[in-house]
>>> print(open('work-v6.cif').read())   # mmCIF, N, CA and C atoms
data_target
#
loop_
_atom_site.label_atom_id
_atom_site.label_comp_id
_atom_site.auth_asym_id
_atom_site.auth_seq_id
_atom_site.Cartn_x
_atom_site.Cartn_y
_atom_site.Cartn_z
N MET A 1 -26.05 -16.32 -26.64
CA MET A 1 -24.99 -16.04 -25.68
C MET A 1 -25.57 -15.65 -24.33
N ARG A 2 -26.75 -16.07 -24.08
CA ARG A 2 -27.39 -15.72 -22.82
C ARG A 2 -26.74 -16.49 -21.67
N GLN A 3 -26.45 -15.80 -20.61
CA GLN A 3 -25.85 -16.45 -19.46
C GLN A 3 -26.80 -16.36 -18.29
N PRO A 4 -26.67 -17.27 -17.35
CA PRO A 4 -27.56 -17.19 -16.20
C PRO A 4 -27.33 -15.89 -15.47
N ARG A 5 -28.37 -15.32 -14.92
CA ARG A 5 -28.24 -14.06 -14.18
C ARG A 5 -27.33 -14.35 -13.07
N ALA A 6 -26.40 -14.12 -13.81
CA ALA A 6 -25.54 -13.45 -13.10
C ALA A 6 -24.58 -13.95 -12.17
N ALA A 7 -23.79 -14.78 -12.81
CA ALA A 7 -22.63 -15.20 -12.05
C ALA A 7 -21.84 -13.95 -11.64
N LEU A 8 -21.68 -13.00 -12.57
CA LEU A 8 -20.94 -11.79 -12.23
C LEU A 8 -21.68 -10.97 -11.20
N ALA A 9 -22.97 -10.77 -11.36
CA ALA A 9 -23.74 -10.00 -10.38
C ALA A 9 -23.67 -10.65 -9.00
N GLU A 10 -23.70 -11.98 -8.96
CA GLU A 10 -23.60 -12.68 -7.67
C GLU A 10 -22.22 -12.50 -7.06
N ARG A 11 -21.17 -12.57 -7.88
CA ARG A 11 -19.81 -12.35 -7.36
C ARG A 11 -19.65 -10.92 -6.85
N ILE A 12 -20.23 -9.95 -7.56
CA ILE A 12 -20.17 -8.56 -7.11
C ILE A 12 -20.85 -8.43 -5.75
N ALA A 13 -22.02 -9.02 -5.62
CA ALA A 13 -22.75 -8.95 -4.34
C ALA A 13 -21.93 -9.58 -3.22
N GLU A 14 -21.32 -10.71 -3.49
CA GLU A 14 -20.50 -11.38 -2.48
C GLU A 14 -19.30 -10.52 -2.10
N ARG A 15 -18.67 -9.91 -3.08
CA ARG A 15 -17.50 -9.05 -2.82
C ARG A 15 -17.92 -7.82 -2.00
N ARG A 16 -19.06 -7.25 -2.32
CA ARG A 16 -19.53 -6.07 -1.59
C ARG A 16 -19.87 -6.41 -0.14
N ARG A 17 -20.21 -7.68 0.12
CA ARG A 17 -20.46 -8.12 1.50
C ARG A 17 -19.17 -8.42 2.24
N GLY A 18 -18.04 -8.30 1.53
CA GLY A 18 -16.75 -8.51 2.16
C GLY A 18 -16.18 -9.89 1.94
N GLY A 19 -16.86 -10.71 1.19
CA GLY A 19 -16.37 -12.06 0.92
C GLY A 19 -15.79 -12.17 -0.47
N ASP A 20 -15.47 -13.38 -0.85
CA ASP A 20 -15.00 -13.73 -2.17
C ASP A 20 -13.58 -13.21 -2.39
N ASP A 21 -12.91 -13.84 -3.29
CA ASP A 21 -11.54 -13.51 -3.67
C ASP A 21 -11.60 -12.48 -4.80
N PRO A 22 -10.92 -11.36 -4.67
CA PRO A 22 -10.95 -10.35 -5.74
C PRO A 22 -10.51 -10.91 -7.09
N ARG A 23 -9.57 -11.85 -7.08
CA ARG A 23 -9.13 -12.45 -8.35
C ARG A 23 -10.25 -13.24 -9.00
N ALA A 24 -11.07 -13.90 -8.19
CA ALA A 24 -12.21 -14.64 -8.74
C ALA A 24 -13.21 -13.68 -9.36
N LEU A 25 -13.39 -12.52 -8.75
CA LEU A 25 -14.30 -11.51 -9.29
C LEU A 25 -13.79 -11.02 -10.65
N VAL A 26 -12.51 -10.75 -10.73
CA VAL A 26 -11.94 -10.30 -12.01
C VAL A 26 -12.07 -11.40 -13.05
N GLY A 27 -11.83 -12.63 -12.67
CA GLY A 27 -11.99 -13.75 -13.60
C GLY A 27 -13.42 -13.86 -14.11
N GLU A 28 -14.38 -13.69 -13.21
CA GLU A 28 -15.79 -13.75 -13.61
C GLU A 28 -16.13 -12.61 -14.55
N MET A 29 -15.60 -11.42 -14.27
CA MET A 29 -15.84 -10.28 -15.16
C MET A 29 -15.29 -10.59 -16.55
N ARG A 30 -14.11 -11.16 -16.62
CA ARG A 30 -13.49 -11.45 -17.92
C ARG A 30 -14.29 -12.47 -18.72
N ARG A 31 -14.92 -13.44 -18.05
CA ARG A 31 -15.71 -14.48 -18.73
C ARG A 31 -17.12 -14.03 -19.10
N SER A 32 -17.61 -13.01 -18.43
CA SER A 32 -19.01 -12.60 -18.57
C SER A 32 -19.26 -11.80 -19.84
N ILE A 33 -20.48 -11.95 -20.36
CA ILE A 33 -20.95 -11.11 -21.46
C ILE A 33 -21.63 -9.90 -20.81
N LEU A 34 -21.17 -8.71 -21.17
CA LEU A 34 -21.74 -7.48 -20.63
C LEU A 34 -22.45 -6.72 -21.75
N LEU A 35 -23.53 -6.07 -21.39
CA LEU A 35 -24.29 -5.25 -22.33
C LEU A 35 -23.80 -3.82 -22.19
N VAL A 36 -23.25 -3.28 -23.27
CA VAL A 36 -22.65 -1.94 -23.24
C VAL A 36 -23.44 -1.04 -24.18
N PRO A 37 -24.08 0.01 -23.63
CA PRO A 37 -24.83 0.93 -24.50
C PRO A 37 -23.93 1.55 -25.56
N VAL A 38 -24.52 1.76 -26.73
CA VAL A 38 -23.81 2.37 -27.86
C VAL A 38 -24.41 3.75 -28.07
N ALA A 39 -23.55 4.75 -28.20
CA ALA A 39 -24.00 6.13 -28.43
C ALA A 39 -23.03 6.81 -29.38
N ASP A 40 -23.56 7.52 -30.35
CA ASP A 40 -22.75 8.28 -31.30
C ASP A 40 -21.67 7.43 -31.95
N GLY A 41 -21.99 6.18 -32.26
CA GLY A 41 -21.05 5.31 -32.94
C GLY A 41 -19.99 4.68 -32.07
N GLY A 42 -20.05 4.90 -30.76
CA GLY A 42 -19.07 4.32 -29.85
C GLY A 42 -19.74 3.77 -28.61
N LEU A 43 -18.95 3.20 -27.75
CA LEU A 43 -19.48 2.66 -26.50
C LEU A 43 -19.71 3.79 -25.51
N TRP A 44 -20.80 3.70 -24.77
CA TRP A 44 -21.15 4.73 -23.80
C TRP A 44 -20.15 4.69 -22.65
N SER A 45 -19.64 5.84 -22.31
CA SER A 45 -18.68 5.93 -21.21
C SER A 45 -18.83 7.28 -20.51
N VAL A 46 -18.25 7.37 -19.33
CA VAL A 46 -18.22 8.61 -18.57
C VAL A 46 -16.79 8.84 -18.08
N ARG A 47 -16.47 10.09 -17.84
CA ARG A 47 -15.16 10.41 -17.26
C ARG A 47 -15.36 10.86 -15.83
N SER A 48 -14.56 10.29 -14.96
CA SER A 48 -14.60 10.67 -13.54
C SER A 48 -13.25 10.36 -12.92
N GLY A 49 -12.74 11.32 -12.16
CA GLY A 49 -11.47 11.11 -11.47
C GLY A 49 -10.30 10.85 -12.38
N GLY A 50 -10.32 11.43 -13.58
CA GLY A 50 -9.22 11.24 -14.52
C GLY A 50 -9.25 9.93 -15.26
N VAL A 51 -10.35 9.19 -15.12
CA VAL A 51 -10.48 7.88 -15.77
C VAL A 51 -11.73 7.89 -16.64
N ARG A 52 -11.62 7.30 -17.81
CA ARG A 52 -12.78 7.09 -18.67
C ARG A 52 -13.34 5.70 -18.35
N TRP A 53 -14.59 5.65 -17.94
CA TRP A 53 -15.23 4.40 -17.52
C TRP A 53 -16.19 3.92 -18.60
N ILE A 54 -15.91 2.77 -19.17
CA ILE A 54 -16.87 2.12 -20.08
C ILE A 54 -17.92 1.48 -19.19
N CYS A 55 -19.18 1.72 -19.51
CA CYS A 55 -20.28 1.24 -18.67
C CYS A 55 -20.87 -0.04 -19.26
N GLY A 56 -20.83 -1.11 -18.47
CA GLY A 56 -21.38 -2.39 -18.89
C GLY A 56 -22.41 -2.87 -17.89
N PHE A 57 -23.33 -3.72 -18.35
CA PHE A 57 -24.43 -4.19 -17.51
C PHE A 57 -24.54 -5.70 -17.59
N THR A 58 -24.86 -6.32 -16.48
CA THR A 58 -24.88 -7.77 -16.39
C THR A 58 -26.10 -8.40 -17.03
N ASP A 59 -27.16 -7.62 -17.23
CA ASP A 59 -28.36 -8.15 -17.88
C ASP A 59 -29.23 -7.00 -18.36
N GLU A 60 -30.31 -7.34 -19.04
CA GLU A 60 -31.18 -6.30 -19.60
C GLU A 60 -31.91 -5.50 -18.54
N THR A 61 -32.17 -6.11 -17.39
CA THR A 61 -32.83 -5.37 -16.29
C THR A 61 -31.92 -4.26 -15.79
N ALA A 62 -30.65 -4.58 -15.58
CA ALA A 62 -29.69 -3.57 -15.12
C ALA A 62 -29.50 -2.49 -16.18
N LEU A 63 -29.47 -2.89 -17.45
CA LEU A 63 -29.37 -1.92 -18.54
C LEU A 63 -30.60 -1.02 -18.58
N ALA A 64 -31.78 -1.58 -18.35
CA ALA A 64 -33.02 -0.79 -18.37
C ALA A 64 -33.02 0.26 -17.27
N ARG A 65 -32.50 -0.10 -16.08
CA ARG A 65 -32.42 0.89 -14.99
C ARG A 65 -31.57 2.08 -15.42
N PHE A 66 -30.48 1.78 -16.07
CA PHE A 66 -29.60 2.83 -16.58
C PHE A 66 -30.32 3.67 -17.64
N ALA A 67 -31.00 2.98 -18.59
CA ALA A 67 -31.65 3.66 -19.70
C ALA A 67 -32.74 4.61 -19.21
N LEU A 68 -33.43 4.25 -18.13
CA LEU A 68 -34.47 5.13 -17.59
C LEU A 68 -33.90 6.48 -17.16
N ARG A 69 -32.66 6.47 -16.68
CA ARG A 69 -32.03 7.70 -16.19
C ARG A 69 -31.23 8.43 -17.26
N HIS A 70 -30.62 7.67 -18.16
CA HIS A 70 -29.66 8.28 -19.09
C HIS A 70 -29.94 7.99 -20.55
N GLY A 71 -31.03 7.29 -20.83
CA GLY A 71 -31.32 6.88 -22.20
C GLY A 71 -31.90 7.99 -23.05
N PRO A 72 -32.11 7.68 -24.32
CA PRO A 72 -32.59 8.67 -25.29
C PRO A 72 -34.10 8.86 -25.27
N GLY A 73 -34.69 9.01 -24.13
CA GLY A 73 -36.13 9.26 -24.04
C GLY A 73 -36.94 8.03 -24.37
N ASP A 74 -37.80 8.15 -25.37
CA ASP A 74 -38.70 7.06 -25.70
C ASP A 74 -38.12 6.08 -26.73
N ARG A 75 -36.89 6.30 -27.17
CA ARG A 75 -36.26 5.39 -28.12
C ARG A 75 -35.56 4.26 -27.38
N PRO A 76 -35.50 3.07 -27.98
CA PRO A 76 -34.77 1.96 -27.34
C PRO A 76 -33.28 2.26 -27.29
N VAL A 77 -32.63 1.72 -26.30
CA VAL A 77 -31.19 1.88 -26.15
C VAL A 77 -30.50 0.77 -26.95
N GLU A 78 -29.65 1.18 -27.86
CA GLU A 78 -28.85 0.20 -28.59
C GLU A 78 -27.68 -0.21 -27.72
N TYR A 79 -27.29 -1.48 -27.84
CA TYR A 79 -26.15 -1.94 -27.05
C TYR A 79 -25.40 -3.03 -27.77
N ALA A 80 -24.17 -3.22 -27.35
CA ALA A 80 -23.33 -4.30 -27.84
C ALA A 80 -23.16 -5.30 -26.71
N ALA A 81 -23.16 -6.57 -27.05
CA ALA A 81 -22.89 -7.63 -26.07
C ALA A 81 -21.43 -8.03 -26.23
N LEU A 82 -20.63 -7.71 -25.21
CA LEU A 82 -19.18 -7.92 -25.28
C LEU A 82 -18.69 -8.69 -24.07
N ARG A 83 -17.76 -9.58 -24.31
CA ARG A 83 -17.13 -10.28 -23.19
C ARG A 83 -16.26 -9.29 -22.42
N GLY A 84 -16.27 -9.38 -21.11
CA GLY A 84 -15.48 -8.48 -20.28
C GLY A 84 -14.02 -8.45 -20.67
N ALA A 85 -13.45 -9.62 -21.00
CA ALA A 85 -12.05 -9.68 -21.40
C ALA A 85 -11.78 -8.82 -22.63
N ARG A 86 -12.71 -8.80 -23.57
CA ARG A 86 -12.51 -7.98 -24.77
C ARG A 86 -12.51 -6.50 -24.40
N ILE A 87 -13.38 -6.12 -23.48
CA ILE A 87 -13.44 -4.71 -23.07
C ILE A 87 -12.11 -4.29 -22.45
N VAL A 88 -11.62 -5.05 -21.46
CA VAL A 88 -10.42 -4.62 -20.74
C VAL A 88 -9.13 -4.90 -21.49
N ASP A 89 -9.11 -5.93 -22.35
CA ASP A 89 -7.87 -6.27 -23.07
C ASP A 89 -7.71 -5.57 -24.40
N GLU A 90 -8.82 -5.24 -25.07
CA GLU A 90 -8.74 -4.65 -26.41
C GLU A 90 -9.25 -3.22 -26.46
N ILE A 91 -10.41 -3.00 -25.91
CA ILE A 91 -11.04 -1.68 -26.04
C ILE A 91 -10.36 -0.65 -25.15
N VAL A 92 -10.15 -0.98 -23.89
CA VAL A 92 -9.51 -0.04 -22.96
C VAL A 92 -8.17 0.44 -23.51
N PRO A 93 -7.25 -0.45 -23.94
CA PRO A 93 -5.97 0.05 -24.46
C PRO A 93 -6.10 0.90 -25.72
N SER A 94 -7.15 0.70 -26.50
CA SER A 94 -7.30 1.47 -27.74
C SER A 94 -7.77 2.90 -27.50
N LEU A 95 -8.19 3.23 -26.29
CA LEU A 95 -8.76 4.55 -26.03
C LEU A 95 -7.72 5.65 -25.88
N GLY A 96 -6.49 5.28 -25.59
CA GLY A 96 -5.43 6.29 -25.52
C GLY A 96 -5.49 7.17 -24.29
N GLU A 97 -6.18 6.72 -23.26
CA GLU A 97 -6.26 7.45 -21.99
C GLU A 97 -6.56 6.44 -20.89
N PRO A 98 -6.30 6.79 -19.63
CA PRO A 98 -6.62 5.85 -18.55
C PRO A 98 -8.12 5.50 -18.60
N ALA A 99 -8.41 4.19 -18.66
CA ALA A 99 -9.80 3.76 -18.79
C ALA A 99 -10.01 2.46 -18.02
N GLY A 100 -11.23 2.29 -17.54
CA GLY A 100 -11.60 1.08 -16.84
C GLY A 100 -13.03 0.70 -17.17
N LEU A 101 -13.55 -0.24 -16.43
CA LEU A 101 -14.88 -0.76 -16.67
C LEU A 101 -15.75 -0.55 -15.43
N ALA A 102 -16.92 0.04 -15.61
CA ALA A 102 -17.90 0.23 -14.54
C ALA A 102 -19.09 -0.68 -14.84
N VAL A 103 -19.44 -1.54 -13.89
CA VAL A 103 -20.50 -2.52 -14.11
C VAL A 103 -21.73 -2.18 -13.27
N ASP A 104 -22.88 -2.21 -13.90
CA ASP A 104 -24.19 -2.02 -13.24
C ASP A 104 -24.26 -0.73 -12.42
N ILE A 105 -23.84 0.38 -13.02
CA ILE A 105 -23.76 1.64 -12.28
C ILE A 105 -25.11 2.20 -11.86
N ALA A 106 -26.18 1.73 -12.45
CA ALA A 106 -27.50 2.25 -12.08
C ALA A 106 -28.23 1.35 -11.09
N THR A 107 -27.55 0.33 -10.60
CA THR A 107 -28.16 -0.62 -9.67
C THR A 107 -27.65 -0.30 -8.27
N GLU A 108 -28.52 0.22 -7.45
CA GLU A 108 -28.15 0.63 -6.11
C GLU A 108 -27.52 -0.54 -5.36
N ASP A 109 -26.40 -0.29 -4.73
CA ASP A 109 -25.67 -1.28 -3.92
C ASP A 109 -25.24 -2.52 -4.70
N ALA A 110 -25.08 -2.41 -6.02
CA ALA A 110 -24.65 -3.57 -6.80
C ALA A 110 -23.64 -3.23 -7.88
N SER A 111 -23.14 -2.01 -7.89
CA SER A 111 -22.18 -1.65 -8.92
C SER A 111 -20.77 -2.09 -8.51
N MET A 112 -19.90 -2.17 -9.50
CA MET A 112 -18.50 -2.51 -9.25
C MET A 112 -17.66 -1.84 -10.32
N PHE A 113 -16.53 -1.31 -9.90
CA PHE A 113 -15.61 -0.65 -10.80
C PHE A 113 -14.34 -1.48 -10.92
N PHE A 114 -13.89 -1.66 -12.16
CA PHE A 114 -12.65 -2.37 -12.45
C PHE A 114 -11.69 -1.33 -13.01
N PRO A 115 -10.81 -0.78 -12.17
CA PRO A 115 -9.97 0.35 -12.57
C PRO A 115 -8.82 -0.07 -13.49
N PRO A 116 -8.17 0.91 -14.10
CA PRO A 116 -7.07 0.62 -15.01
C PRO A 116 -5.77 0.31 -14.26
N VAL A 117 -5.76 -0.82 -13.58
CA VAL A 117 -4.59 -1.24 -12.80
C VAL A 117 -4.14 -2.62 -13.25
N ALA A 118 -2.90 -2.97 -12.91
CA ALA A 118 -2.34 -4.29 -13.25
C ALA A 118 -3.24 -5.38 -12.70
N GLY A 119 -3.42 -6.41 -13.49
CA GLY A 119 -4.28 -7.51 -13.11
C GLY A 119 -5.70 -7.37 -13.63
N ILE A 120 -6.04 -6.16 -14.09
CA ILE A 120 -7.36 -5.93 -14.68
C ILE A 120 -7.20 -5.56 -16.15
N VAL A 121 -6.37 -4.56 -16.41
CA VAL A 121 -6.09 -4.15 -17.79
C VAL A 121 -4.67 -4.58 -18.14
N PRO A 122 -4.29 -4.58 -19.41
CA PRO A 122 -2.91 -4.92 -19.77
C PRO A 122 -1.91 -4.00 -19.07
N ASP A 123 -0.77 -4.56 -18.71
CA ASP A 123 0.26 -3.80 -18.00
C ASP A 123 0.65 -2.52 -18.72
N ALA A 124 0.65 -2.52 -20.05
CA ALA A 124 1.06 -1.35 -20.82
C ALA A 124 0.17 -0.13 -20.57
N VAL A 125 -1.07 -0.33 -20.10
CA VAL A 125 -1.97 0.80 -19.85
C VAL A 125 -2.40 0.89 -18.38
N ALA A 126 -1.77 0.09 -17.53
CA ALA A 126 -2.10 0.11 -16.10
C ALA A 126 -1.46 1.33 -15.44
N VAL A 127 -2.28 2.18 -14.85
CA VAL A 127 -1.77 3.42 -14.27
C VAL A 127 -0.89 3.18 -13.05
N ASP A 128 -1.06 2.05 -12.37
CA ASP A 128 -0.24 1.78 -11.19
C ASP A 128 1.16 1.28 -11.57
N LEU A 129 1.39 1.03 -12.84
CA LEU A 129 2.72 0.62 -13.30
C LEU A 129 3.42 1.75 -14.04
N GLY A 130 2.90 2.97 -13.87
CA GLY A 130 3.53 4.15 -14.48
C GLY A 130 3.18 4.35 -15.94
N ALA A 131 2.13 3.70 -16.42
CA ALA A 131 1.77 3.82 -17.83
C ALA A 131 1.01 5.10 -18.13
N THR A 132 0.69 5.89 -17.13
CA THR A 132 -0.15 7.07 -17.32
C THR A 132 0.40 8.01 -18.39
N GLU A 133 1.67 8.34 -18.33
CA GLU A 133 2.23 9.28 -19.31
C GLU A 133 2.22 8.69 -20.70
N GLU A 134 2.56 7.38 -20.82
CA GLU A 134 2.52 6.72 -22.13
C GLU A 134 1.11 6.76 -22.70
N VAL A 135 0.13 6.43 -21.88
CA VAL A 135 -1.25 6.38 -22.33
C VAL A 135 -1.70 7.76 -22.76
N ARG A 136 -1.38 8.79 -21.99
CA ARG A 136 -1.80 10.14 -22.33
C ARG A 136 -1.22 10.59 -23.66
N GLY A 137 0.00 10.14 -23.97
CA GLY A 137 0.64 10.55 -25.22
C GLY A 137 0.12 9.80 -26.42
N HIS A 138 -0.56 8.67 -26.19
CA HIS A 138 -1.05 7.82 -27.28
C HIS A 138 -2.39 8.32 -27.79
N GLY A 139 -2.52 8.39 -29.07
CA GLY A 139 -3.82 8.67 -29.68
C GLY A 139 -4.33 10.09 -29.59
N ARG A 140 -3.56 11.02 -29.17
CA ARG A 140 -4.03 12.40 -29.07
C ARG A 140 -3.41 13.26 -30.11
#
>>> encode(input="work-v6.cif", output="structure tokens")
Amino acid sequence: MRQPRAALAERIAERRRGGDDPRALVGEMRRSILLVPVADGGLWSVRSGGVRWICGFTDETALARFALRHGPGDRPVEYAALRGARIVDEIVPSLGEPAGLAVDIATEDASMFFPPVAGIVPDAVAVDLGATEEVRGHGR
């Protein structure tokens, strides 16, 4: 399932330069295979600004940059290879709280956040459609 470096990384770079269509970026994220670190039996995530961010990486180099800062010392980082669409369509709604996807967070000037809004996550969990209270009540 190896993909060329980085159709997604290239789209992110183009978007950060002010170009590209945001919908094309979301489409590329959905088609891309992302490497998501696994910790304590679940996917590695962080909470910030009231949102739980699942952290995904476009390739092993980007994952290694992250592992150097946040990994388990001298042990290899375990990860799952997941399509972006599966993360935002299946995993995010199952978390029971506002959640999104953070890509390449350890790569300076190359990260991108896909927040829990309509057009990225299912409408039922999109915070901009008033799903916040429903999501908070689910799974707790």
>>> resolve_selection(input="work-v6.cif", expression="the PyMOL selection byres ((chain A and resi 109-117) around 6.5)", output="ChimeraX atom specification")
/A:12-13,98-108,118-122,125-129
>>> select_by_dssp(input="work-v6.cif", residues="chain A", states="strand (DSSP E)", output="PyMOL selection string")
chain A and resi 33-39+42-43+45-48+51-56+79-83+99-103+112-114
>>> write_last_selection(input="work-v6.cif", atoms="N, CA and C atoms", output="mmCIF file, in the frame of the given file")
data_model
loop_
_atom_site.group_PDB
_atom_site.id
_atom_site.type_symbol
_atom_site.label_atom_id
_atom_site.label_comp_id
_atom_site.auth_asym_id
_atom_site.auth_seq_id
_atom_site.Cartn_x
_atom_site.Cartn_y
_atom_site.Cartn_z
ATOM 1 N N ILE A 33 -20.480 -11.950 -20.360
ATOM 2 C CA ILE A 33 -20.950 -11.110 -21.460
ATOM 3 C C ILE A 33 -21.630 -9.900 -20.810
ATOM 4 N N LEU A 34 -21.170 -8.710 -21.170
ATOM 5 C CA LEU A 34 -21.740 -7.480 -20.630
ATOM 6 C C LEU A 34 -22.450 -6.720 -21.750
ATOM 7 N N LEU A 35 -23.530 -6.070 -21.390
ATOM 8 C CA LEU A 35 -24.290 -5.250 -22.330
ATOM 9 C C LEU A 35 -23.800 -3.820 -22.190
ATOM 10 N N VAL A 36 -23.250 -3.280 -23.270
ATOM 11 C CA VAL A 36 -22.650 -1.940 -23.240
ATOM 12 C C VAL A 36 -23.440 -1.040 -24.180
ATOM 13 N N PRO A 37 -24.080 0.010 -23.630
ATOM 14 C CA PRO A 37 -24.830 0.930 -24.500
ATOM 15 C C PRO A 37 -23.930 1.550 -25.560
ATOM 16 N N VAL A 38 -24.520 1.760 -26.730
ATOM 17 C CA VAL A 38 -23.810 2.370 -27.860
ATOM 18 C C VAL A 38 -24.410 3.750 -28.070
ATOM 19 N N ALA A 39 -23.550 4.750 -28.200
ATOM 20 C CA ALA A 39 -24.000 6.130 -28.430
ATOM 21 C C ALA A 39 -23.030 6.810 -29.380
ATOM 22 N N GLY A 42 -20.050 4.900 -30.760
ATOM 23 C CA GLY A 42 -19.070 4.320 -29.850
ATOM 24 C C GLY A 42 -19.740 3.770 -28.610
ATOM 25 N N LEU A 43 -18.950 3.200 -27.750
ATOM 26 C CA LEU A 43 -19.480 2.660 -26.500
ATOM 27 C C LEU A 43 -19.710 3.790 -25.510
ATOM 28 N N SER A 45 -19.640 5.840 -22.310
ATOM 29 C CA SER A 45 -18.680 5.930 -21.210
ATOM 30 C C SER A 45 -18.830 7.280 -20.510
ATOM 31 N N VAL A 46 -18.250 7.370 -19.330
ATOM 32 C CA VAL A 46 -18.220 8.610 -18.570
ATOM 33 C C VAL A 46 -16.790 8.840 -18.080
ATOM 34 N N ARG A 47 -16.470 10.090 -17.840
ATOM 35 C CA ARG A 47 -15.160 10.410 -17.260
ATOM 36 C C ARG A 47 -15.360 10.860 -15.830
ATOM 37 N N SER A 48 -14.560 10.290 -14.960
ATOM 38 C CA SER A 48 -14.600 10.670 -13.540
ATOM 39 C C SER A 48 -13.250 10.360 -12.920
ATOM 40 N N VAL A 51 -10.350 9.190 -15.120
ATOM 41 C CA VAL A 51 -10.480 7.880 -15.770
ATOM 42 C C VAL A 51 -11.730 7.890 -16.640
ATOM 43 N N ARG A 52 -11.620 7.300 -17.810
ATOM 44 C CA ARG A 52 -12.780 7.090 -18.670
ATOM 45 C C ARG A 52 -13.340 5.700 -18.350
ATOM 46 N N TRP A 53 -14.590 5.650 -17.940
ATOM 47 C CA TRP A 53 -15.230 4.400 -17.520
ATOM 48 C C TRP A 53 -16.190 3.920 -18.600
ATOM 49 N N ILE A 54 -15.910 2.770 -19.170
ATOM 50 C CA ILE A 54 -16.870 2.120 -20.080
ATOM 51 C C ILE A 54 -17.920 1.480 -19.190
ATOM 52 N N CYS A 55 -19.180 1.720 -19.510
ATOM 53 C CA CYS A 55 -20.280 1.240 -18.670
ATOM 54 C C CYS A 55 -20.870 -0.040 -19.260
ATOM 55 N N GLY A 56 -20.830 -1.110 -18.470
ATOM 56 C CA GLY A 56 -21.380 -2.390 -18.890
ATOM 57 C C GLY A 56 -22.410 -2.870 -17.890
ATOM 58 N N TYR A 79 -27.290 -1.480 -27.840
ATOM 59 C CA TYR A 79 -26.150 -1.940 -27.050
ATOM 60 C C TYR A 79 -25.400 -3.030 -27.770
ATOM 61 N N ALA A 80 -24.170 -3.220 -27.350
ATOM 62 C CA ALA A 80 -23.330 -4.300 -27.840
ATOM 63 C C ALA A 80 -23.160 -5.300 -26.710
ATOM 64 N N ALA A 81 -23.160 -6.570 -27.050
ATOM 65 C CA ALA A 81 -22.890 -7.630 -26.070
ATOM 66 C C ALA A 81 -21.430 -8.030 -26.230
ATOM 67 N N LEU A 82 -20.630 -7.710 -25.210
ATOM 68 C CA LEU A 82 -19.180 -7.920 -25.280
ATOM 69 C C LEU A 82 -18.690 -8.690 -24.070
ATOM 70 N N ARG A 83 -17.760 -9.580 -24.310
ATOM 71 C CA ARG A 83 -17.130 -10.280 -23.190
ATOM 72 C C ARG A 83 -16.260 -9.290 -22.420
ATOM 73 N N ALA A 99 -8.410 4.190 -18.660
ATOM 74 C CA ALA A 99 -9.800 3.760 -18.790
ATOM 75 C C ALA A 99 -10.010 2.460 -18.020
ATOM 76 N N GLY A 100 -11.230 2.290 -17.540
ATOM 77 C CA GLY A 100 -11.600 1.080 -16.840
ATOM 78 C C GLY A 100 -13.030 0.700 -17.170
ATOM 79 N N LEU A 101 -13.550 -0.240 -16.430
ATOM 80 C CA LEU A 101 -14.880 -0.760 -16.670
ATOM 81 C C LEU A 101 -15.750 -0.550 -15.430
ATOM 82 N N ALA A 102 -16.920 0.040 -15.610
ATOM 83 C CA ALA A 102 -17.900 0.230 -14.540
ATOM 84 C C ALA A 102 -19.090 -0.680 -14.840
ATOM 85 N N VAL A 103 -19.440 -1.540 -13.890
ATOM 86 C CA VAL A 103 -20.500 -2.520 -14.110
ATOM 87 C C VAL A 103 -21.730 -2.180 -13.270
ATOM 88 N N MET A 112 -19.900 -2.170 -9.500
ATOM 89 C CA MET A 112 -18.500 -2.510 -9.250
ATOM 90 C C MET A 112 -17.660 -1.840 -10.320
ATOM 91 N N PHE A 113 -16.530 -1.310 -9.900
ATOM 92 C CA PHE A 113 -15.610 -0.650 -10.800
ATOM 93 C C PHE A 113 -14.340 -1.480 -10.920
ATOM 94 N N PHE A 114 -13.890 -1.660 -12.160
ATOM 95 C CA PHE A 114 -12.650 -2.370 -12.450
ATOM 96 C C PHE A 114 -11.690 -1.330 -13.010
#
>>> resolve_selection(input="work-v6.cif", expression="the PyMOL selection byres (((chain A and resi 82 and name CA) around 8) and name CA)", output="JSON, numbers by chain")
{"A": [33, 34, 35, 36, 80, 81, 83, 84, 86, 87]}
>>> residues_near_point(input="work-v6.cif", point="(-26.2, 3.2, -29.1)", cutoff="7 Å", atoms="all atoms listed in the file", output="PyMOL selection string")
chain A and resi 37-42+44+77-80
>>> atom_distance(input="work-v6.cif", atom1="atom N of Ala24 of chain A", atom2="atom N of Glu90 of chain A")
19.1 Å
>>> atom_distance(input="work-v6.cif", atom1="atom N of Asp89 of chain A", atom2="atom CA of Val26 of chain A")
11.6 Å
>>> atom_distance(input="work-v6.cif", atom1="atom CA of Glu10 of chain A", atom2="atom CA of Thr58 of chain A")
10.1 Å
>>> axis_aligned_box(input="work-v6.cif", around="segment 83-86 of chain A", padding_each_side="8 Å", output="lines of an AutoDock Vina configuration file")
center_x = -14.8
center_y = -8.4
center_z = -22.5
size_x = 22.0
size_y = 19.8
size_z = 20.5
>>> residues_around(input="work-v6.cif", residues="Pro76 of chain A", least_positions_apart="5", cutoff="12 Å", atoms="only C-alpha atoms", output="number ranges by chain")
A: 37-39, 60, 63-64, 66-68, 70-71
>>> select_by_dssp(input="work-v6.cif", residues="chain A", states="alpha helix (DSSP H)", output="ChimeraX atom specification")
/A:7-16,22-31,60-70,84-86,92-94,132-137
